[in-house]
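Chemist: Got a structure here, written out as structure tokens. Questions coming.
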Amino acid sequence: MLDEQKLLNQYHLDIDQLTHYKYVHFNLLIVSSGKAKVCSTAKNGKNLILSYYLSSGIIGDIEFLTDEPKATTTIIALSPFSCLLVPLKENATYLKENTPFIKSLGKGLTEKLQRSAENFLSTSLYTGEERLCSYLLNCSYKNYFQDNLKEVADTLGLSYRHLLKLLKHLVEDGLIEKAEDGYFIKEE
């Protein structure tokens with residue numbers, strides 16, 4: 001309880017005033033609906049997007065298979081996001097002995113590795129504008145993009161100033177439209 005209250009204190013929440021909260025530790029999440037991005041954060045604070053979830057996939061598979069006690073990535077929801085939580089402690093034996101399930105995890109990890117390689121390839125070989133357009137499409141929800149532009153610049157390996165210049169160019173070309181706190185994608 002002490003760790004939970006300490007965590008809740010960061011957000012000015014009192015554990016005695018909450019009902020039905022759950023502290024989740026080492027669980028598999030089966031994605032049901034929504035869109036999210038998976039990032040790895042470097043020591044300098046910059047994020048690298050590893051993959052995206054779009055209404056499918058399993059979160060926590062690497063940690064489950066490697067018995068890693070800590071999550072190695074950060075997941076950021078880009079839209080309303082729903083998952084089915086499967087507690088590992090109570091289900092570990094069943095999950096580890098279920099060959100079709102393990103095979104599904106292997107297939108999913110292979111697909112993640114392929115997507116990660118494609119992301120690395122695009123970061124290495126495509127122009128800043130191509131990387132930005134791809135990012136806008138992947139991180140938008142219902143053709144609306146809203147994200148911290150400094151983080152976007154870091155993720156894409158661009159300076160903040162260059163990112164703003166590219167966004168201005170896309171607006172002038174009529175591909176996107178500036179909104180109060182984001183951008184609408186007019187032409188995919």
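In the structure tokens, chains take letters A, B, ... by order of appearance, with residues numbered from 1 within each chain and ligands from 1 in the order shown.
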Near Leu65 in chain A, counting only C-alpha atoms, which residues have an atom at most 9 Å away, once you skip same-chain residues fewer than 3 positions from it, shown as a list in words?
Modeler: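 Near neighbours after the sequence-gap exclusion: Gly60, Asp61, Ile62, Glu68, Lys96, Ile102 and Leu105 of chain A.
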Chemist: Pick out the residues sitting within 8 Å of range 154-168 of chain A, and hand them over as a list in words; count only C-alpha atoms, and ignore anything fewer than 5 positions along from it in its own chain.
Modeler: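 Skipping anything fewer than 5 positions along the chain leaves Lys46, Asn47, Leu48, Ile49, Thr123, Gly128, Glu129, Arg131, Leu132 and Leu149 of chain A.
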Chemist: Neighbours of Gly106 in chain A within 12 Å (only C-alpha atoms; same-chain residues fewer than 5 positions away dropped), as a ChimeraX atom specification?
Modeler: /A:57-58,61-62,64-65,99-101,111-113
Chemist: Quick one: pull the distance between CA of Val31 in chain A and CA of Phe81 in chain A, Å, one decimal.
Modeler: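 A separation of 7.9 Å between them.
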Chemist: Given only C-alpha atoms as the basis, pick out the residue of A:Gln5, A:Ser32, A:Gln17, A:Asn27 nearest to Asn91 in chain A.
Modeler: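 Ranked by minimum distance to Asn91 in chain A, first place goes to A:Asn27.
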Chemist: DSSP on the backbone: which residues in chain A end up as helix (DSSP H, G or I)? Give the answer as number ranges by chain.
Modeler: A: 2-9, 15-17, 61-66, 88-97, 99-125, 128-139, 149-156, 160-172
Chemist: Quick one: distance from CA of Pro69 in chain A to CA of Asp16 in chain A in Å, one decimal?
Modeler: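 Going from CA of Pro69 in chain A over to CA of Asp16 in chain A, I get 28.1 Å.
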Chemist: Contacts of Tyr141 in chain A at 7 Å or less, counting only C-alpha atoms, minus same-chain residues fewer than 2 places along, as a list of chain:residue names?
Modeler: A:Leu78, A:Ser79, A:Cys139, A:Asn143, A:Tyr144, A:Phe145
Chemist: Would you kindly return, as a list in words, each protein, DNA or RNA residue with an atom no farther than 10 Å from any atom of Lys37 in chain A, considering only C-alpha atoms and excluding same-chain residues fewer than 6 positions away?
Modeler: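 In the requested form, the answer reads Ile49, Leu50, Ser51, Tyr52, Tyr53, Leu54, Thr74, Ile75, Ile76, Ala77, Leu78, Asn138 and Cys139 of chain A.
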Chemist: Restricted to N, CA, C and O atoms, what would the selected residues look like written as a PDB file, in the first residue's frame?
Modeler:
ATOM      1  N   ILE A  49       9.962   5.715 -31.802  1.00  0.00           N
ATOM      2  CA  ILE A  49       8.757   4.909 -31.948  1.00  0.00           C
ATOM      3  C   ILE A  49       9.151   3.548 -32.496  1.00  0.00           C
ATOM      4  O   ILE A  49       9.802   3.447 -33.538  1.00  0.00           O
ATOM      5  N   LEU A  50       8.747   2.511 -31.771  1.00  0.00           N
ATOM      6  CA  LEU A  50       9.061   1.153 -32.182  1.00  0.00           C
ATOM      7  C   LEU A  50       7.941   0.531 -33.006  1.00  0.00           C
ATOM      8  O   LEU A  50       8.198  -0.200 -33.952  1.00  0.00           O
ATOM      9  N   SER A  51       6.701   0.802 -32.610  1.00  0.00           N
ATOM     10  CA  SER A  51       5.581   0.228 -33.343  1.00  0.00           C
ATOM     11  C   SER A  51       4.283   0.908 -32.936  1.00  0.00           C
ATOM     12  O   SER A  51       4.262   1.739 -32.026  1.00  0.00           O
ATOM     13  N   TYR A  52       3.221   0.514 -33.621  1.00  0.00           N
ATOM     14  CA  TYR A  52       1.882   1.021 -33.349  1.00  0.00           C
ATOM     15  C   TYR A  52       0.951  -0.156 -33.118  1.00  0.00           C
ATOM     16  O   TYR A  52       1.137  -1.232 -33.681  1.00  0.00           O
ATOM     17  N   TYR A  53      -0.059   0.046 -32.283  1.00  0.00           N
ATOM     18  CA  TYR A  53      -1.134  -0.921 -32.112  1.00  0.00           C
ATOM     19  C   TYR A  53      -2.383  -0.297 -32.693  1.00  0.00           C
ATOM     20  O   TYR A  53      -2.673   0.861 -32.449  1.00  0.00           O
ATOM     21  N   LEU A  54      -3.109  -1.063 -33.442  1.00  0.00           N
ATOM     22  CA  LEU A  54      -4.370  -0.595 -33.985  1.00  0.00           C
ATOM     23  C   LEU A  54      -5.400  -1.709 -33.808  1.00  0.00           C
ATOM     24  O   LEU A  54      -5.490  -2.619 -34.637  1.00  0.00           O
ATOM     25  N   THR A  74       7.437   2.372 -23.423  1.00  0.00           N
ATOM     26  CA  THR A  74       6.312   3.185 -22.976  1.00  0.00           C
ATOM     27  C   THR A  74       5.236   3.123 -24.036  1.00  0.00           C
ATOM     28  O   THR A  74       5.527   3.196 -25.232  1.00  0.00           O
ATOM     29  N   ILE A  75       3.996   3.009 -23.610  1.00  0.00           N
ATOM     30  CA  ILE A  75       2.874   2.981 -24.548  1.00  0.00           C
ATOM     31  C   ILE A  75       2.061   4.248 -24.358  1.00  0.00           C
ATOM     32  O   ILE A  75       1.714   4.607 -23.233  1.00  0.00           O
ATOM     33  N   ILE A  76       1.782   4.914 -25.473  1.00  0.00           N
ATOM     34  CA  ILE A  76       1.030   6.165 -25.445  1.00  0.00           C
ATOM     35  C   ILE A  76      -0.224   5.979 -26.277  1.00  0.00           C
ATOM     36  O   ILE A  76      -0.146   5.690 -27.478  1.00  0.00           O
ATOM     37  N   ALA A  77      -1.387   6.126 -25.645  1.00  0.00           N
ATOM     38  CA  ALA A  77      -2.661   6.001 -26.359  1.00  0.00           C
ATOM     39  C   ALA A  77      -2.853   7.198 -27.276  1.00  0.00           C
ATOM     40  O   ALA A  77      -2.626   8.332 -26.885  1.00  0.00           O
ATOM     41  N   LEU A  78      -3.257   6.924 -28.505  1.00  0.00           N
ATOM     42  CA  LEU A  78      -3.517   7.981 -29.487  1.00  0.00           C
ATOM     43  C   LEU A  78      -5.014   8.179 -29.710  1.00  0.00           C
ATOM     44  O   LEU A  78      -5.422   9.095 -30.411  1.00  0.00           O
ATOM     45  N   ASN A 138       0.333   7.853 -39.098  1.00  0.00           N
ATOM     46  CA  ASN A 138       0.324   6.809 -38.077  1.00  0.00           C
ATOM     47  C   ASN A 138      -0.181   7.297 -36.724  1.00  0.00           C
ATOM     48  O   ASN A 138      -0.774   6.534 -35.971  1.00  0.00           O
ATOM     49  N   CYS A 139       0.053   8.557 -36.414  1.00  0.00           N
ATOM     50  CA  CYS A 139      -0.298   9.077 -35.084  1.00  0.00           C
ATOM     51  C   CYS A 139      -1.598   9.880 -35.085  1.00  0.00           C
ATOM     52  O   CYS A 139      -1.945  10.474 -34.067  1.00  0.00           O
TER      53      CYS A 139
END
Chemist: Please report, as a ChimeraX atom specification, each residue of range 21-174 of chain A to which DSSP assigns strand (DSSP E) when run on this structure's backbone.
Modeler: /A:27-33,35-41,47-54,58-59,74-77,82-87,144-145
Chemist: Restricting the calculation to only C-alpha atoms, which member of A:Leu136, A:Leu170, A:Leu8, A:Leu28 is positioned closest to Ala92 in chain A?
Modeler: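 Checking each of A:Leu136, A:Leu170, A:Leu8, A:Leu28 against Ala92 in chain A, counting only C-alpha atoms, the winner is A:Leu28.
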Chemist: In Å, how far is it from CA of Gly45 in chain A to CA of Gln10 in chain A?
Modeler: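 Between CA of Gly45 in chain A and CA of Gln10 in chain A the gap works out to 20.6 Å.
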Chemist: Between A:Ala153, A:Val171, A:Ile59, A:Ala36, which one has atoms that come closest to Ile185 in chain A, using only C-alpha atoms?
Modeler: A:Val171
Chemist: Choose the residue, out of A:Lys150, A:Lys43, A:Lys35, A:Lys178, that has the smallest atom-to-atom separation from Leu137 in chain A; count only C-alpha atoms.
Modeler: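 Among the listed residues, the smallest separation from Leu137 in chain A belongs to A:Lys35.
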